[in-house]
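Participant: A single structure is presented below for examination.
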Amino acid sequence: GRAVLYIPQADGNYSEKCRLLDEQGVQDKAIEFKLDRFPHQFPLRFDPGESPGLITIHAMTIMDKNKKLVWEHTRRNAAKVIVRGTAFAVRAGHWKQRLRQALETNGHQPLRIISTGLDPQLILPRLPDKIEYPLCLSIEMKFSPSR
């Protein structure tokens, strides 16, 4: 399936008219979306696929035009990414998973999502007030479709 980034409209809603597509499929790859000015008081919405399966997002970063980090997904802010639609996040509950997380030193933890249908959605956190456009959203992910 393809990955889609929905850019919020002036009223905060998402539309098929305001989206960026990655048509190449998202099996195991890095995706980049270039973003011009948009009403960033509303969050971006990323749909990581269009079918049931396991989605692992290894990294998500947003950089401004000067390559300054605007936002990145880390263990500390993982709860700020809202998983909805036909998806749910796989949270570390087992002691082995918690131990593995504690041993990670770079602050990054993959975001694992199970998509149960055709419309998994990630709502990214609201961006800071002062940012310099254009922005670049980079996502390193793997999609393993269910058979």
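Residue numbering restarts at 1 in every chain; chains get A, B, ... in the order shown in the structure tokens, and ligands count up from 1 in that same order.
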Could you name the residues that touch Glu32 in chain A at 9 Å or less, counting only C-alpha atoms, but leaving out those on the same chain fewer than 5 positions away, as a list in words?

Facilitator: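 Listed by chain and then number, they are Asp22, Cys136, Leu137, Ser138, Ile139 and Glu140 of chain A.
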
Participant: Enumerate as a count of residues only all residues of chain A assigned to strand (DSSP E or B) by DSSP on the backbone, naming them with the chain letters and numbers the document uses.

Facilitator: 66

Participant: Ranking A:Arg84, A:Arg19, A:Arg45, A:Lys130 by minimum distance to Val70 in chain A and counting only C-alpha atoms, which one comes first?

Facilitator: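 Counting only C-alpha atoms, the residue closest to Val70 in chain A is A:Lys130.
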
Participant: Enumerate as a list in words all residues of chain A assigned to alpha helix (DSSP H) by DSSP on the backbone, naming them with the chain letters and numbers the document uses.

Facilitator: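 Written out, the alpha helix (DSSP H) residues of chain A are Trp95, Lys96, Gln97, Arg98, Leu99, Arg100, Gln101, Ala102 and Leu103 of chain A.
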
Participant: Put those residues in a file: N, CA, C and O atoms, as a JSON list (two decimals), in the first residue's frame.

Facilitator:
[["chain", "number", "residue", "atom", "x", "y", "z"],
["A", 95, "TRP", "N", 7.84, -7.98, 30.60],
["A", 95, "TRP", "CA", 9.08, -7.57, 31.27],
["A", 95, "TRP", "C", 10.29, -7.59, 30.33],
["A", 95, "TRP", "O", 11.18, -6.76, 30.45],
["A", 96, "LYS", "N", 10.31, -8.51, 29.36],
["A", 96, "LYS", "CA", 11.44, -8.55, 28.42],
["A", 96, "LYS", "C", 11.44, -7.31, 27.53],
["A", 96, "LYS", "O", 12.50, -6.76, 27.23],
["A", 97, "GLN", "N", 10.26, -6.87, 27.11],
["A", 97, "GLN", "CA", 10.18, -5.64, 26.30],
["A", 97, "GLN", "C", 10.62, -4.44, 27.12],
["A", 97, "GLN", "O", 11.33, -3.57, 26.61],
["A", 98, "ARG", "N", 10.19, -4.35, 28.37],
["A", 98, "ARG", "CA", 10.58, -3.22, 29.22],
["A", 98, "ARG", "C", 12.08, -3.22, 29.46],
["A", 98, "ARG", "O", 12.72, -2.17, 29.47],
["A", 99, "LEU", "N", 12.68, -4.40, 29.66],
["A", 99, "LEU", "CA", 14.12, -4.49, 29.86],
["A", 99, "LEU", "C", 14.87, -4.04, 28.61],
["A", 99, "LEU", "O", 15.82, -3.26, 28.68],
["A", 100, "ARG", "N", 14.42, -4.49, 27.45],
["A", 100, "ARG", "CA", 15.05, -4.10, 26.18],
["A", 100, "ARG", "C", 14.99, -2.58, 26.02],
["A", 100, "ARG", "O", 15.96, -1.94, 25.62],
["A", 101, "GLN", "N", 13.86, -1.98, 26.34],
["A", 101, "GLN", "CA", 13.72, -0.52, 26.24],
["A", 101, "GLN", "C", 14.67, 0.19, 27.21],
["A", 101, "GLN", "O", 15.26, 1.20, 26.88],
["A", 102, "ALA", "N", 14.80, -0.34, 28.41],
["A", 102, "ALA", "CA", 15.67, 0.29, 29.40],
["A", 102, "ALA", "C", 17.13, 0.25, 28.95],
["A", 102, "ALA", "O", 17.91, 1.15, 29.29],
["A", 103, "LEU", "N", 17.50, -0.76, 28.17],
["A", 103, "LEU", "CA", 18.88, -0.88, 27.70],
["A", 103, "LEU", "C", 19.18, -0.02, 26.48],
["A", 103, "LEU", "O", 20.33, 0.18, 26.15]]

Participant: May I ask which of the residues A:Gly49, A:Pro8, A:Gly85, A:Pro110 is the closest one to Asp36 in chain A, counting only C-alpha atoms?

Facilitator: A:Pro8

Participant: Determine, counting only C-alpha atoms, which protein, DNA and RNA residues have an atom within 12 Å of an atom of Ser15 in chain A; residues of the same chain fewer than 6 positions away are not included. Present the result as a compact mmCIF listing (two decimals) with C-alpha atoms, in the first residue's frame.

Facilitator:
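Result file is result.txt:
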# COMPACT_ATOMS: atom_id res chain seq x y z
CA VAL A 4 -0.30 9.36 2.84
CA LEU A 5 0.43 12.57 4.73
CA TYR A 6 -2.62 14.74 5.33
CA ILE A 7 -1.99 18.44 5.80
CA PRO A 8 -4.56 20.24 7.95
CA GLN A 9 -6.76 22.85 6.35
CA LEU A 44 -0.31 16.57 10.65
CA ARG A 45 -1.93 13.19 10.02

Participant: Rank A:Ser115, A:Gln121, A:Thr56, A:Thr86 by their smallest atom-to-atom distance to Lys142 in chain A, using only C-alpha atoms, and report the top residue only.

Facilitator: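 Of A:Ser115, A:Gln121, A:Thr56, A:Thr86, the one nearest Lys142 in chain A, counting only C-alpha atoms, is A:Thr56.
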